[in-house]
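Visitor: See model-v4.cif below, with mmCIF, C-alpha atoms.
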data_my_file
loop_
_atom_site.label_atom_id
_atom_site.label_comp_id
_atom_site.auth_asym_id
_atom_site.auth_seq_id
_atom_site.Cartn_x
_atom_site.Cartn_y
_atom_site.Cartn_z
CA MET A 1 -81.30 -82.64 68.38
CA SER A 2 -82.69 -85.36 70.51
CA ALA A 3 -82.15 -87.41 73.62
CA LYS A 4 -79.91 -90.45 73.78
CA PRO A 5 -80.96 -93.31 71.50
CA LYS A 6 -82.53 -96.42 73.00
CA LEU A 7 -81.29 -98.80 70.31
CA ASP A 8 -78.41 -99.06 67.91
CA ARG A 9 -80.21 -97.94 64.76
CA ARG A 10 -77.89 -99.47 62.18
CA GLY A 11 -77.05 -102.85 63.62
CA PHE A 12 -73.68 -104.46 63.13
CA LEU A 13 -72.44 -107.52 61.28
CA THR A 14 -71.22 -109.42 64.30
CA ARG A 15 -72.85 -110.26 67.62
CA GLY A 16 -69.97 -108.84 69.64
CA LEU A 17 -70.16 -105.53 67.81
CA ALA A 18 -73.90 -105.31 68.41
CA VAL A 19 -73.47 -105.93 72.14
CA ALA A 20 -70.79 -103.27 72.44
CA SER A 21 -72.88 -100.78 70.48
CA ALA A 22 -76.01 -101.42 72.52
CA ALA A 23 -74.09 -100.85 75.74
CA LEU A 24 -72.68 -97.56 74.55
CA LEU A 25 -75.54 -96.09 72.52
CA GLY A 26 -78.22 -97.41 74.82
CA GLY A 27 -77.06 -95.04 77.52
CA CYS A 28 -75.64 -97.74 79.82
CA ASP A 29 -73.41 -96.57 82.64
CA SER A 30 -71.43 -99.79 82.55
CA GLU A 31 -67.66 -99.86 82.37
CA LEU A 32 -67.95 -101.50 78.97
CA SER A 33 -68.89 -98.23 77.29
CA GLU A 34 -65.64 -96.67 78.49
CA GLN A 35 -63.39 -99.46 77.30
CA PRO A 36 -60.93 -98.30 74.59
CA TRP A 37 -61.54 -101.43 72.50
CA VAL A 38 -65.30 -100.72 72.42
CA LYS A 39 -64.69 -97.18 71.21
CA ARG A 40 -62.28 -98.45 68.54
CA ILE A 41 -64.89 -100.92 67.29
CA LEU A 42 -67.58 -98.24 67.12
CA ASP A 43 -65.25 -95.85 65.29
CA LYS A 44 -64.50 -98.54 62.70
CA ALA A 45 -68.20 -99.34 62.28
CA GLU A 46 -69.00 -95.65 61.79
CA THR A 47 -66.27 -95.32 59.15
CA LEU A 48 -67.62 -98.40 57.35
CA THR A 49 -71.15 -96.97 57.43
CA ARG A 50 -70.00 -93.61 56.08
CA LEU A 51 -67.86 -95.08 53.31
CA SER A 52 -70.58 -97.53 52.30
CA GLN A 53 -73.18 -94.78 52.05
CA ARG A 54 -70.83 -92.54 50.10
CA ALA A 55 -70.21 -95.40 47.66
CA LEU A 56 -73.93 -96.08 47.17
CA VAL A 57 -75.33 -92.55 47.23
CA SER A 58 -73.96 -89.59 45.30
CA PRO A 59 -72.78 -86.71 47.54
CA ALA A 60 -75.10 -84.49 45.50
CA ALA A 61 -78.18 -86.73 45.93
CA LEU A 62 -81.13 -84.88 47.45
CA ALA A 63 -83.20 -85.95 50.41
CA ARG A 64 -86.85 -86.45 49.50
CA GLU A 65 -88.95 -83.29 49.52
CA TYR A 66 -92.68 -83.26 50.25
CA SER A 67 -95.78 -81.19 49.52
CA GLU A 68 -97.52 -78.65 51.73
CA ALA A 69 -100.21 -81.26 52.41
CA ASP A 70 -97.61 -83.53 54.00
CA ILE A 71 -96.49 -81.06 56.68
CA SER A 72 -96.95 -82.49 60.18
CA LYS A 73 -99.66 -80.74 62.21
CA ASP A 74 -97.56 -81.12 65.35
CA PHE A 75 -93.81 -81.04 64.73
CA LYS A 76 -92.19 -82.34 67.90
CA ALA A 77 -89.75 -79.97 69.60
CA ASN A 78 -87.08 -82.25 70.99
CA GLY A 79 -83.88 -81.73 72.95
CA SER A 80 -83.65 -78.17 74.26
CA THR A 81 -86.89 -76.22 73.94
CA GLU A 82 -85.65 -73.03 75.61
CA VAL A 83 -82.36 -71.40 76.56
CA ASP A 84 -81.70 -70.68 80.22
CA ASP A 85 -79.48 -67.67 79.65
CA ASP A 86 -80.18 -63.99 80.39
CA GLY A 87 -78.32 -62.79 77.32
CA TYR A 88 -80.35 -65.05 75.04
CA ARG A 89 -83.62 -64.04 76.71
CA ALA A 90 -82.77 -60.38 76.12
CA LEU A 91 -82.13 -61.07 72.44
CA ALA A 92 -85.40 -63.00 72.14
CA ALA A 93 -87.37 -60.23 73.87
CA ASN A 94 -86.17 -57.83 71.18
CA GLY A 95 -87.09 -60.17 68.34
CA PHE A 96 -83.39 -61.03 67.85
CA THR A 97 -82.78 -57.68 66.14
CA ASP A 98 -79.52 -57.31 68.07
CA TRP A 99 -78.41 -60.92 67.50
CA LYS A 100 -75.55 -61.64 65.11
CA LEU A 101 -74.15 -64.83 63.67
CA LYS A 102 -70.36 -65.00 63.83
CA VAL A 103 -68.39 -66.93 61.21
CA GLY A 104 -64.68 -67.40 61.79
CA GLY A 105 -61.82 -69.86 61.91
CA LEU A 106 -60.24 -70.84 58.60
CA VAL A 107 -61.89 -68.14 56.50
CA GLY A 108 -60.46 -65.20 54.61
CA GLN A 109 -63.32 -62.90 55.56
CA PRO A 110 -64.72 -63.32 59.11
CA LEU A 111 -68.38 -62.38 59.30
CA GLU A 112 -70.86 -60.97 61.78
CA LEU A 113 -74.31 -61.03 60.23
CA SER A 114 -77.61 -59.88 61.70
CA LEU A 115 -80.82 -61.81 61.15
CA ALA A 116 -81.93 -59.10 58.71
CA GLU A 117 -78.70 -59.48 56.73
CA LEU A 118 -79.15 -63.25 56.58
CA ARG A 119 -82.72 -62.80 55.38
CA ALA A 120 -81.44 -60.51 52.63
CA MET A 121 -79.20 -63.25 51.23
CA PRO A 122 -80.42 -65.79 48.63
CA ALA A 123 -82.75 -68.25 50.35
CA ARG A 124 -83.91 -71.82 49.89
CA THR A 125 -87.24 -73.31 50.98
CA GLN A 126 -87.66 -77.07 51.36
CA ILE A 127 -90.22 -79.42 52.89
CA THR A 128 -88.38 -82.37 54.36
CA ARG A 129 -88.68 -85.14 56.92
CA HIS A 130 -86.86 -84.87 60.23
CA ASP A 131 -85.79 -88.30 61.49
CA CYS A 132 -84.91 -88.59 65.17
CA VAL A 133 -82.55 -91.27 66.43
CA GLU A 134 -85.32 -92.19 68.93
CA GLY A 135 -87.42 -93.49 66.03
CA TRP A 136 -89.98 -90.75 65.33
CA SER A 137 -90.27 -88.53 62.25
CA CYS A 138 -91.99 -85.25 61.36
CA ILE A 139 -92.26 -83.26 58.15
CA GLY A 140 -91.67 -79.51 58.18
CA LYS A 141 -91.13 -76.59 55.84
CA TRP A 142 -87.84 -74.72 56.28
CA THR A 143 -86.55 -71.50 54.76
CA GLY A 144 -83.03 -70.23 55.22
CA VAL A 145 -79.63 -69.39 53.82
CA PRO A 146 -77.79 -72.19 52.00
CA LEU A 147 -74.66 -72.83 54.03
CA LYS A 148 -72.64 -72.79 50.81
CA ALA A 149 -73.61 -69.16 50.19
CA LEU A 150 -72.39 -68.21 53.64
CA LEU A 151 -69.10 -70.08 53.20
CA ASP A 152 -68.55 -68.41 49.82
CA LYS A 153 -69.12 -65.02 51.43
CA ALA A 154 -66.66 -65.87 54.20
CA GLU A 155 -64.05 -67.08 51.68
CA LEU A 156 -63.43 -70.53 53.15
CA LYS A 157 -59.73 -71.42 53.13
CA PRO A 158 -58.45 -74.58 51.36
CA SER A 159 -57.20 -76.02 54.66
CA ALA A 160 -60.72 -76.12 56.14
CA ARG A 161 -62.24 -79.59 56.48
CA TYR A 162 -65.08 -79.15 58.97
CA LEU A 163 -67.68 -76.62 60.08
CA VAL A 164 -68.30 -76.47 63.84
CA PHE A 165 -71.55 -74.93 65.10
CA TYR A 166 -71.63 -73.43 68.60
CA CYS A 167 -75.06 -72.99 70.17
CA ALA A 168 -76.70 -71.08 73.01
CA ASP A 169 -78.44 -74.00 74.76
CA ASP A 170 -76.72 -75.69 77.68
CA LEU A 171 -77.25 -79.43 78.15
CA GLY A 172 -74.35 -79.96 80.50
CA GLU A 173 -74.02 -79.89 84.25
CA THR A 174 -70.95 -77.70 84.59
CA GLY A 175 -72.64 -74.33 84.10
CA ASP A 176 -69.97 -73.14 81.66
CA ASP A 177 -69.45 -73.20 77.90
CA GLU A 178 -68.26 -76.83 78.03
CA GLY A 179 -71.87 -77.90 78.53
CA LYS A 180 -73.28 -75.93 75.61
CA TYR A 181 -74.44 -77.77 72.55
CA TYR A 182 -72.17 -77.96 69.55
CA GLU A 183 -72.12 -79.94 66.31
CA SER A 184 -69.99 -80.32 63.21
CA VAL A 185 -70.26 -81.45 59.60
CA GLY A 186 -67.76 -82.18 56.87
CA LEU A 187 -67.53 -80.11 53.73
CA GLU A 188 -69.47 -82.60 51.57
CA ASP A 189 -72.52 -82.02 53.75
CA ALA A 190 -71.76 -78.33 54.30
CA PHE A 191 -71.88 -77.66 50.55
CA HIS A 192 -74.91 -79.87 49.88
CA PRO A 193 -77.74 -77.79 48.34
CA GLN A 194 -80.22 -78.83 51.04
CA THR A 195 -77.93 -77.86 53.92
CA ILE A 196 -79.30 -74.54 55.13
CA LEU A 197 -79.34 -72.26 58.15
CA ALA A 198 -83.08 -71.98 58.70
CA TYR A 199 -84.70 -68.86 60.14
CA ASP A 200 -88.31 -69.73 59.14
CA MET A 201 -90.38 -72.83 59.89
CA ASN A 202 -93.69 -73.55 58.18
CA GLY A 203 -93.86 -70.04 56.77
CA ALA A 204 -93.25 -68.17 60.03
CA PRO A 205 -90.18 -67.08 62.02
CA LEU A 206 -88.50 -70.05 63.67
CA PRO A 207 -90.06 -70.59 67.13
CA ILE A 208 -87.85 -70.69 70.20
CA PRO A 209 -88.61 -74.39 70.95
CA HIS A 210 -87.33 -75.21 67.48
CA GLY A 211 -84.10 -73.21 67.76
CA ALA A 212 -84.69 -69.49 67.11
CA PRO A 213 -83.25 -67.46 65.67
CA LEU A 214 -81.26 -69.91 63.53
CA ARG A 215 -80.88 -73.68 63.26
CA LEU A 216 -78.90 -75.96 61.03
CA ARG A 217 -80.72 -78.27 58.63
CA VAL A 218 -78.61 -81.13 57.22
CA GLU A 219 -81.38 -83.04 55.54
CA ARG A 220 -79.47 -86.24 54.84
CA GLN A 221 -78.55 -86.78 58.48
CA LEU A 222 -80.36 -87.61 61.71
CA GLY A 223 -81.95 -85.00 63.94
CA TYR A 224 -79.19 -84.54 66.48
CA LYS A 225 -77.00 -83.07 63.72
CA MET A 226 -79.56 -80.26 63.24
CA ALA A 227 -78.04 -77.86 65.79
CA LYS A 228 -80.49 -75.31 67.23
CA TYR A 229 -79.85 -71.81 68.63
CA VAL A 230 -76.76 -71.40 66.42
CA MET A 231 -74.59 -68.48 67.56
CA ARG A 232 -71.20 -69.06 65.93
CA ILE A 233 -69.63 -71.12 63.15
CA GLU A 234 -65.93 -71.98 63.00
CA ALA A 235 -64.17 -73.50 59.98
CA MET A 236 -61.59 -76.01 61.22
CA ASP A 237 -59.01 -78.43 59.81
CA GLY A 238 -59.75 -81.05 62.49
CA LEU A 239 -61.97 -81.89 65.45
CA ALA A 240 -59.61 -83.61 67.87
CA GLY A 241 -58.84 -80.49 69.93
CA ILE A 242 -62.47 -79.47 70.48
CA ARG A 243 -63.93 -80.57 73.84
CA GLY A 244 -64.25 -84.38 73.76
CA GLY A 245 -62.66 -84.53 70.33
CA ARG A 246 -65.46 -86.38 68.55
CA GLY A 247 -67.17 -83.47 66.84
CA GLY A 248 -70.36 -82.88 68.79
CA PHE A 249 -72.09 -82.77 72.17
CA TRP A 250 -73.70 -86.20 71.78
CA GLU A 251 -70.80 -87.62 69.82
CA ASP A 252 -68.57 -86.91 72.81
CA ARG A 253 -71.02 -89.10 74.76
CA GLY A 254 -71.06 -92.05 72.35
CA TYR A 255 -73.10 -91.09 69.28
CA GLU A 256 -71.74 -91.58 65.78
CA TRP A 257 -70.30 -88.45 64.20
CA TYR A 258 -71.59 -89.44 60.77
CA ALA A 259 -75.37 -89.78 61.06
CA GLY A 260 -76.28 -90.19 57.40
CA ILE A 261 -79.65 -91.62 56.38
#
Show this structure as structure tokens.
Guide:
Amino acid sequence: MSAKPKLDRRGFLTRGLAVASAALLGGCDSELSEQPWVKRILDKAETLTRLSQRALVSPAALAREYSEADISKDFKANGSTEVDDDGYRALAANGFTDWKLKVGGLVGQPLELSLAELRAMPARTQITRHDCVEGWSCIGKWTGVPLKALLDKAELKPSARYLVFYCADDLGETGDDEGKYYESVGLEDAFHPQTILAYDMNGAPLPIPHGAPLRLRVERQLGYKMAKYVMRIEAMDGLAGIRGGRGGFWEDRGYEWYAGI
């Protein structure tokens, strides 16, 4: 997760499209960013980007993995670095032994799994590069449960199309759940072998600034898709009815839903 981008990272094919994108993704408060025609243009550009990447790169293609020697000495903790919530602080004080991940929605077997139960499941370790939309990158080592294994255990229903991740950190100004971070991915990314729910970072339990006790790693997408402080996962057939309807906290504020790299 990261702050709003300063530049449109992809660029567009026409000057008008680039201007509209810069106004919206650059964090401008101008009326242009709220114009329906601007949003329609950005949606079309995002679809083109996603379809182009899918055509050029196999859905099963792996993100590059690195060696232990490549791990960044200082992995930047961006976005939320703590959770201002008494319930979360109580869980953290107890080493998250009482914390449970809930998995529901369009599944045949809803789950509530403790951190110990997640650690007992088959795990994957990978050393990958985290690319922030702001332009910086860091390399880290992550260990966690492949999301596919969790979805298999929950018996994902055929009607499911998306996974929505609800988090503990609050980036909003309303003081209620509407301001809490959330993200979503499609099933192609959910079932990718490098998509994991990480509970360890660089060989140690995930630190709070990096999203303890559990964070999403979607290694072929940008950093803001890597939801931290994950508390609940819902399998859904669509995103339109969830908050702003665009599939994520930052997406509701102008980011692209598909952040593939």
Visitor: If we count all atoms listed in the file, what is near Glu82 of chain A at a cut-off of 10 Å, once residues fewer than 2 positions away on the same chain are taken out, given as a list of chain:residue names?
Guide: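 The filter keeps A:Gly79, A:Ser80, A:Asp84, A:Asp85, A:Tyr88, A:Arg89, A:Ala168, A:Asp169, A:Asp170, A:Pro207, A:Ile208, A:Pro209, A:His210, A:Gly211, A:Ala212, A:Tyr229.
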Visitor: Put those residues in a file: C-alpha atoms, as a PDB file, in the coordinates of the input.
Guide:
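Okay, out_26.pdb is ready:
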ATOM      1  CA  GLY A  79     -83.880 -81.730  72.950  1.00  0.00           C
ATOM      2  CA  SER A  80     -83.650 -78.170  74.260  1.00  0.00           C
ATOM      3  CA  ASP A  84     -81.700 -70.680  80.220  1.00  0.00           C
ATOM      4  CA  ASP A  85     -79.480 -67.670  79.650  1.00  0.00           C
ATOM      5  CA  TYR A  88     -80.350 -65.050  75.040  1.00  0.00           C
ATOM      6  CA  ARG A  89     -83.620 -64.040  76.710  1.00  0.00           C
ATOM      7  CA  ALA A 168     -76.700 -71.080  73.010  1.00  0.00           C
ATOM      8  CA  ASP A 169     -78.440 -74.000  74.760  1.00  0.00           C
ATOM      9  CA  ASP A 170     -76.720 -75.690  77.680  1.00  0.00           C
ATOM     10  CA  PRO A 207     -90.060 -70.590  67.130  1.00  0.00           C
ATOM     11  CA  ILE A 208     -87.850 -70.690  70.200  1.00  0.00           C
ATOM     12  CA  PRO A 209     -88.610 -74.390  70.950  1.00  0.00           C
ATOM     13  CA  HIS A 210     -87.330 -75.210  67.480  1.00  0.00           C
ATOM     14  CA  GLY A 211     -84.100 -73.210  67.760  1.00  0.00           C
ATOM     15  CA  ALA A 212     -84.690 -69.490  67.110  1.00  0.00           C
ATOM     16  CA  TYR A 229     -79.850 -71.810  68.630  1.00  0.00           C
TER      17      TYR A 229
END
Visitor: List the neighbours of segment 216-227 of chain A out to 8 Å using only C-alpha atoms; skip same-chain residues closer than 5 positions along the sequence, and give me the result as a PDB file with C-alpha atoms, in the coordinates of the input.
Guide:
ATOM      1  CA  MET A   1     -81.300 -82.640  68.380  1.00  0.00           C
ATOM      2  CA  SER A   2     -82.690 -85.360  70.510  1.00  0.00           C
ATOM      3  CA  LEU A  62     -81.130 -84.880  47.450  1.00  0.00           C
ATOM      4  CA  ALA A  63     -83.200 -85.950  50.410  1.00  0.00           C
ATOM      5  CA  THR A 128     -88.380 -82.370  54.360  1.00  0.00           C
ATOM      6  CA  ARG A 129     -88.680 -85.140  56.920  1.00  0.00           C
ATOM      7  CA  HIS A 130     -86.860 -84.870  60.230  1.00  0.00           C
ATOM      8  CA  ASP A 131     -85.790 -88.300  61.490  1.00  0.00           C
ATOM      9  CA  CYS A 132     -84.910 -88.590  65.170  1.00  0.00           C
ATOM     10  CA  VAL A 133     -82.550 -91.270  66.430  1.00  0.00           C
ATOM     11  CA  PHE A 165     -71.550 -74.930  65.100  1.00  0.00           C
ATOM     12  CA  CYS A 167     -75.060 -72.990  70.170  1.00  0.00           C
ATOM     13  CA  TYR A 181     -74.440 -77.770  72.550  1.00  0.00           C
ATOM     14  CA  TYR A 182     -72.170 -77.960  69.550  1.00  0.00           C
ATOM     15  CA  GLU A 183     -72.120 -79.940  66.310  1.00  0.00           C
ATOM     16  CA  SER A 184     -69.990 -80.320  63.210  1.00  0.00           C
ATOM     17  CA  ASP A 189     -72.520 -82.020  53.750  1.00  0.00           C
ATOM     18  CA  ALA A 190     -71.760 -78.330  54.300  1.00  0.00           C
ATOM     19  CA  GLN A 194     -80.220 -78.830  51.040  1.00  0.00           C
ATOM     20  CA  THR A 195     -77.930 -77.860  53.920  1.00  0.00           C
ATOM     21  CA  ILE A 196     -79.300 -74.540  55.130  1.00  0.00           C
ATOM     22  CA  LEU A 197     -79.340 -72.260  58.150  1.00  0.00           C
ATOM     23  CA  ALA A 198     -83.080 -71.980  58.700  1.00  0.00           C
ATOM     24  CA  GLY A 211     -84.100 -73.210  67.760  1.00  0.00           C
ATOM     25  CA  TRP A 250     -73.700 -86.200  71.780  1.00  0.00           C
ATOM     26  CA  TYR A 258     -71.590 -89.440  60.770  1.00  0.00           C
ATOM     27  CA  ALA A 259     -75.370 -89.780  61.060  1.00  0.00           C
ATOM     28  CA  GLY A 260     -76.280 -90.190  57.400  1.00  0.00           C
ATOM     29  CA  ILE A 261     -79.650 -91.620  56.380  1.00  0.00           C
TER      30      ILE A 261
END
Visitor: Pick out the closest residue to Ala69 of chain A from this set: A:Glu256, A:Pro146, A:Ile139, A:Arg215. Count only C-alpha atoms.
Guide: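 For Ala69 of chain A, the nearest of the candidates is A:Ile139.
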Visitor: Have a look at A:Glu65, A:Phe249, A:Val103, A:Phe75 and name the one nearest to Asp177 of chain A; count only C-alpha atoms.
Guide: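 Under the stated criterion, the closest residue is A:Phe249.
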Visitor: How would you write, as a ChimeraX atom specification, the residues chosen by the PyMOL selection byres ((chain A and resi 109) around 12) on this structure?
Guide: /A:102-108,110-112,150-157,235
Visitor: Please, what distance in Å, to one decimal, runs between atom CA of Ala60 of chain A and atom CA of Ser114 of chain A?
Guide: 29.6 Å
Visitor: Between atom CA of Trp136 of chain A and atom CA of Tyr199 of chain A, what distance in Å does the model show, to one decimal?
Guide: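 Between atom CA of Trp136 of chain A and atom CA of Tyr199 of chain A the gap is 23.1 Å.
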Visitor: Mind giving me the straight-line distance from atom CA of Gly186 of chain A to atom CA of Val164 of chain A in Å, one decimal?
Guide: 9.0 Å
Visitor: Which polymer residues have any atom within 10 Å of an atom of Ser72 of chain A, counting all atoms listed in the file, with same-chain residues fewer than 5 positions away left out, as a short mmCIF file (atom, residue, chain, number, x, y, z; two decimals) with C-alpha atoms, in the frame of the given file?
Guide:
data_model
loop_
_atom_site.label_atom_id
_atom_site.label_comp_id
_atom_site.auth_asym_id
_atom_site.auth_seq_id
_atom_site.Cartn_x
_atom_site.Cartn_y
_atom_site.Cartn_z
CA ARG A 129 -88.68 -85.14 56.92
CA SER A 137 -90.27 -88.53 62.25
CA CYS A 138 -91.99 -85.25 61.36
CA ILE A 139 -92.26 -83.26 58.15
CA GLY A 140 -91.67 -79.51 58.18
CA LYS A 141 -91.13 -76.59 55.84
CA ASN A 202 -93.69 -73.55 58.18
#
Visitor: Pick out the closest residue to Leu163 of chain A from this set: A:Arg119, A:Thr97, A:Glu134, A:Lys148. Count all atoms listed in the file.
Guide: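 When distances to Leu163 of chain A are compared using all atoms listed in the file, the smallest one comes from A:Lys148.
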Visitor: Please provide the set of residues having any atom within 8 Å of segment 243-246 of chain A, restricted to all atoms listed in the file, with same-chain residues fewer than 3 positions apart removed, written as a compact mmCIF listing (two decimals) with C-alpha atoms, keeping the file's coordinate frame.
Guide:
# COMPACT_ATOMS: atom_id res chain seq x y z
CA GLU A 178 -68.26 -76.83 78.03
CA LEU A 239 -61.97 -81.89 65.45
CA ALA A 240 -59.61 -83.61 67.87
CA GLU A 251 -70.80 -87.62 69.82
CA ASP A 252 -68.57 -86.91 72.81
CA TRP A 257 -70.30 -88.45 64.20
Visitor: Using all atoms listed in the file, pick whichever of A:Lys73, A:Ile127, A:Gly135, A:Ile233 has the shortest atom-to-atom distance to Leu147 of chain A.
Guide: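 Checking each candidate against Leu147 of chain A, we get A:Ile233 as the closest.
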Visitor: Just checking: using all atoms listed in the file, which residue out of A:Arg161, A:Asp86, A:Pro122, A:Ala116 ends up closest to Ala149 of chain A?
Guide: A:Pro122
Visitor: Edge lengths and centre in Å to one decimal, as AutoDock Vina command-line options, is what I'm after for the box along x, y and z that holds all listed atoms of segment 65-75 of chain A once 4 Å is added on each side.
Guide:
--center_x -94.6 --center_y -81.1 --center_z 57.4 --size_x 19.3 --size_y 12.9 --size_z 23.8
Visitor: Could you tell me which residues the PyMOL selection byres ((chain A and resi 237) around 6) grabs in this file, written as JSON, numbers by chain?
Guide: {"A": [159, 160, 161, 236, 238]}
